[in-house]
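Student: Submitted below is the structure of interest, expressed as structure tokens.
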Protein chains: 4
Amino acid sequence: MELEAVKKLLEKGEENAEAMEKLPPRFFERLVMKGLRVDLIQPGRLLCSFTVPSRLLNAGNFLHGGATATMVDLVGSAVIYTLGARTTTGVSVEINVSYLDAAYAGEEIEVEAKALRVGKAIGVVSVELRKKKTGKIIAQGRHTKYLAVSSKL
Amino acid sequence: MELEAVKKLLEKGEENAEAMEKLPPRFFERLVMKGLRVDLIQPGRLLCSFTVPSRLLNAGNFLHGGATATMVDLVGSAVIYTLGARTTTGVSVEINVSYLDAAYAGEEIEVEAKALRVGKAIGVVSVELRKKKTGKIIAQGRHTKYLAVSSKL
Amino acid sequence: MELEAVKKLLEKGEENAEAMEKLPPRFFERLVMKGLRVDLIQPGRLLCSFTVPSRLLNAGNFLHGGATATMVDLVGSAVIYTLGARTTTGVSVEINVSYLDAAYAGEEIEVEAKALRVGKAIGVVSVELRKKKTGKIIAQGRHTKYLAVSSKL
Amino acid sequence: MELEAVKKLLEKGEENAEAMEKLPPRFFERLVMKGLRVDLIQPGRLLCSFTVPSRLLNAGNFLHGGATATMVDLVGSAVIYTLGARTTTGVSVEINVSYLDAAYAGEEIEVEAKALRVGKAIGVVSVELRKKKTGKIIAQGRHTKYLAVSSKL
């Protein structure tokens with residue numbers, strides 16, 4: 001691909017620029033979370049599900065890796081809340097995701113988050129996305145958070 | 001936090017459900033990319049910049065970790081194109097991101113992607129987000145892709 | 001710490017230099033594997049155990065993070081073999097490890113490796129180290145390998 | 001490979017078991033560090049070098065991924081010391097490494113560690129291993145540490 005084409009590819013977002021400007025604050029998070037259902041909450045464990053919507057697809061027409069990472073972030077943060085009364089889930093220190101299979105529009109996905117360790121300062125959770133029908137793993141990630149945010153990192 | 005509150009937190013996306021349903025396919029990607037400017041393209045290196053928009057903020061009012069991961073995905077993929085005529089940038093195998101500082105609405109950010117290795121089968125790139133004013137690193141990540149996608153993973 | 005002290009810290013390995021030179025090839029791997037017992041082998045799953053030896057401790061007198069990462073590498077590679085007749089387990093593409101608890105000398109540890117996906121080209125496994133007595137997780141990691149090594153990465 | 005062969009592969013460390021038992025505490029760390037030379041120390045940056053010894057090779061006869069991860073751990077920890085008088089470099093929270101090229105016995109390698117962020121509680125460093133002759137990157141990793149270890153994680 002020529003360099004000019006790379007530039008075009010990255011800057012293609014410029015269509016519909018005006019409508020984009022008017023979107024409310026934190027719209028990104030709502031775009032990803034919309035349609036997520038919580039199926040089970042236990043201390044240290046969360047099970048959610050959603051149907052892959054077309055708005056979250058990538059150029060290959062399957063669930064966008066960035067949307068998957070955002071779920072690892074959000075569902076991974078929520079599971080920390082299940083372990084006690086906190087006023088904050090802290091700030092993200094590290095997120096990693098392995099992509100194992102493609103999830104196509106309309107597929108039913110379950111998201112399982114487990115607390116691996118939640119201490120006073122550091123929380124680490126794992127998050128796995130699976131196809132509901134077959135149990136096949138789509139992605140597995142971990143999310144590390146710093147929980148004592150009142151003090152300085 | 002009580003378990004019921006966790007459920008509400010995760011399912012809050014249900015407001016404006018109808019408007020959300022009408023969004024076009026792949027809107028997620030455009031939401032993140034909109035406003036990204038390519039400042040420099042070299043073989044194996046890309047330098048972009050953007051102003052943090054309010055739509056990409058998180059609950060703490062700084063750039064969402066999922067949006068950062070999505071940029072590591074997208075800008076990291078684009079840098080693979082700069083290394084030759086490909087018809088695909090492959091599929092993501094792994095993405096990891098360390099979050100180092102908060103970026104607030106209106107801040108100017110530069111995104112630098114570098115190809116660490118791009119072979120026939122595997123491509124690995126690093127992506128760094130920095131504050132333009134101070135050079136302070138906001139996030140650093142790596143993105144591993146499988147490039148020979150015609151054959152089976 | 002003064003810069004000169006950092007230098008001394010890193011170069012302290014120079015004691016016993018001669019004995020070190022005479023160690024056989026690949027001694028590193030044997031040093032970590034020695035004492036590892038395989039308790040269960042199933043297709044796609046391996047369960048091993050070992051007693052933390054003093055030779056693998058770090059400056060804090062608990063299991064060295066580098067030794068843990070080496071087990072993620074080695075046990076994670078072995079689990080790929082359980083899925084069929086291969087002449088190679090490929091080459092490592094990425095290894096990541098979260099450290100969750102300290103394991104002290106004499107503690108009994110179990111290591112569980114699971115294949116998350118093993119295709120023709122890419123294999124991804126997860127590896128978890130736990131204390132046998134309490135089930136407490138010491139570390140959890142993932143290992144990504146490129147399996148089709150006859151062709152070029 | 002048959003399951004019995006996997007068992008043999010993992011348990012092969014049992015040769016020379018007695019000699020292994022007599023190794024001094026923390027021998028693992030010395031095995032990896034021996035031969036490492038510190039070439040440059042600056043606040044927040046360390047440059048080291050070593051010649052790949054045969055004792056650190058893997059089954060493929062190139063530098064073991066576990067040895068590389070151990071260097072990311074150790075050199076990454078040392079760079080935190082360069083930023084001020086500390087009595088500890090904290091404990092490891094996460095280590096990740098991308099493997100980009102093979103390093104064979106006798107090759108000259110340089111290791112560069114950079115502090116990405118070192119705060120009161122969290123330190124994040126990047127570590128890169130390169131071939132001295134060509135500058136080719138062998139591995140790139142990041143190491144996250146929790147620095148305020150007197151308090152509980």
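Here's how to read the names in the structure tokens: chain A, B, ... by the order shown, residue numbers from 1 in each chain, ligand numbers from 1 in the order shown.
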Residues of chain D within 12 Å of chain B: nearest atom pair and distance (Å, one decimal) for each, counting only C-alpha atoms, sorted by chain and number, as JSON lines?

Tutor:
{"residue": "D:Val93", "atom": "CA", "partner": "B:Ser98", "partner_atom": "CA", "distance": 11.9}
{"residue": "D:Glu94", "atom": "CA", "partner": "B:Ser98", "partner_atom": "CA", "distance": 10.0}
{"residue": "D:Ile95", "atom": "CA", "partner": "B:Ser98", "partner_atom": "CA", "distance": 10.8}
{"residue": "D:Asn96", "atom": "CA", "partner": "B:Asn96", "partner_atom": "CA", "distance": 8.6}
{"residue": "D:Val97", "atom": "CA", "partner": "B:Arg142", "partner_atom": "CA", "distance": 9.6}
{"residue": "D:Ser98", "atom": "CA", "partner": "B:Val124", "partner_atom": "CA", "distance": 7.9}
{"residue": "D:Tyr99", "atom": "CA", "partner": "B:Val124", "partner_atom": "CA", "distance": 9.1}
{"residue": "D:Leu100", "atom": "CA", "partner": "B:Arg117", "partner_atom": "CA", "distance": 6.3}
{"residue": "D:Asp101", "atom": "CA", "partner": "B:Arg117", "partner_atom": "CA", "distance": 8.5}
{"residue": "D:Ala115", "atom": "CA", "partner": "B:Ile137", "partner_atom": "CA", "distance": 10.6}
{"residue": "D:Leu116", "atom": "CA", "partner": "B:Ile137", "partner_atom": "CA", "distance": 7.0}
{"residue": "D:Arg117", "atom": "CA", "partner": "B:Leu100", "partner_atom": "CA", "distance": 6.4}
{"residue": "D:Val118", "atom": "CA", "partner": "B:Leu100", "partner_atom": "CA", "distance": 9.2}
{"residue": "D:Gly119", "atom": "CA", "partner": "B:Leu100", "partner_atom": "CA", "distance": 9.7}
{"residue": "D:Ile122", "atom": "CA", "partner": "B:Leu100", "partner_atom": "CA", "distance": 9.2}
{"residue": "D:Gly123", "atom": "CA", "partner": "B:Leu100", "partner_atom": "CA", "distance": 9.1}
{"residue": "D:Val124", "atom": "CA", "partner": "B:Leu100", "partner_atom": "CA", "distance": 7.8}
{"residue": "D:Val125", "atom": "CA", "partner": "B:Ser98", "partner_atom": "CA", "distance": 9.8}
{"residue": "D:Ser126", "atom": "CA", "partner": "B:Gln140", "partner_atom": "CA", "distance": 9.2}
{"residue": "D:Glu128", "atom": "CA", "partner": "B:Leu116", "partner_atom": "CA", "distance": 10.6}
{"residue": "D:Leu129", "atom": "CA", "partner": "B:Leu116", "partner_atom": "CA", "distance": 11.6}
{"residue": "D:Arg130", "atom": "CA", "partner": "B:Leu116", "partner_atom": "CA", "distance": 11.1}
{"residue": "D:Gly135", "atom": "CA", "partner": "B:Leu116", "partner_atom": "CA", "distance": 11.4}
{"residue": "D:Lys136", "atom": "CA", "partner": "B:Leu116", "partner_atom": "CA", "distance": 8.9}
{"residue": "D:Ile137", "atom": "CA", "partner": "B:Leu116", "partner_atom": "CA", "distance": 7.0}
{"residue": "D:Ile138", "atom": "CA", "partner": "B:Leu116", "partner_atom": "CA", "distance": 9.3}
{"residue": "D:Ala139", "atom": "CA", "partner": "B:Leu116", "partner_atom": "CA", "distance": 9.0}
{"residue": "D:Gln140", "atom": "CA", "partner": "B:Leu116", "partner_atom": "CA", "distance": 8.5}
{"residue": "D:Gly141", "atom": "CA", "partner": "B:Arg142", "partner_atom": "CA", "distance": 9.0}
{"residue": "D:Arg142", "atom": "CA", "partner": "B:Ser98", "partner_atom": "CA", "distance": 8.3}
{"residue": "D:His143", "atom": "CA", "partner": "B:Ser98", "partner_atom": "CA", "distance": 9.5}
{"residue": "D:Thr144", "atom": "CA", "partner": "B:Ser98", "partner_atom": "CA", "distance": 8.4}
{"residue": "D:Lys145", "atom": "CA", "partner": "B:Ser98", "partner_atom": "CA", "distance": 11.8}

Student: Need to verify the contact set: region 78-81 of chain B, 7 Å, only C-alpha atoms, exclusion of same-chain residues closer than 2 positions in sequence. Can you return it as a VMD selection string?

Tutor: (chain A and resid 1 6) or (chain B and resid 44 to 46 74 to 76 83 to 86 89 113 to 115)

Student: Please identify the helix (DSSP H, G or I) residues within region 25-58 of chain C (assignment by DSSP from backbone atoms) and present them as a PyMOL selection string.

Tutor: chain C and resi 27-33+54-56

Student: Please run DSSP on the backbone and report, as an MDAnalysis selection string, all residues within region 35-148 of chain C that come out as strand (DSSP E).

Tutor: chainID C and resid 37:42 45:51 91:99 108:118 122:131 137:146

Student: Check the smallest atom-to-atom distance from each of A:Lys132, A:Arg26, A:Lys34, A:Lys120 to Leu56 (chain A) using only C-alpha atoms, then report the winner.

Tutor: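 Closest to Leu56 (chain A), using only C-alpha atoms: A:Lys34.
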
Student: Please provide as a PyMOL selection string all residues within 9 Å of Ser54 (chain D), with the sequence filter that same-chain residues fewer than 5 positions apart are discarded (counting only C-alpha atoms).

Tutor: (chain C and resi 23-27) or (chain D and resi 61-63+104-106)

Student: CA of Met33 (chain C) and CA of Ile109 (chain D), how far apart in Å?

Tutor: 25.6 Å

Student: What's the 6 Å shell around region 36-38 of chain B, counting only C-alpha atoms, without same-chain residues fewer than 5 positions away, as a PDB file with C-alpha atoms, in the first residue's frame?

Tutor:
ATOM      1  CA  CYS B  48      -0.318  10.850  14.365  1.00  0.00           C
ATOM      2  CA  SER B  49      -1.994  13.388  16.626  1.00  0.00           C
ATOM      3  CA  PHE B  50      -5.426  14.155  18.032  1.00  0.00           C
TER       4      PHE B  50
END
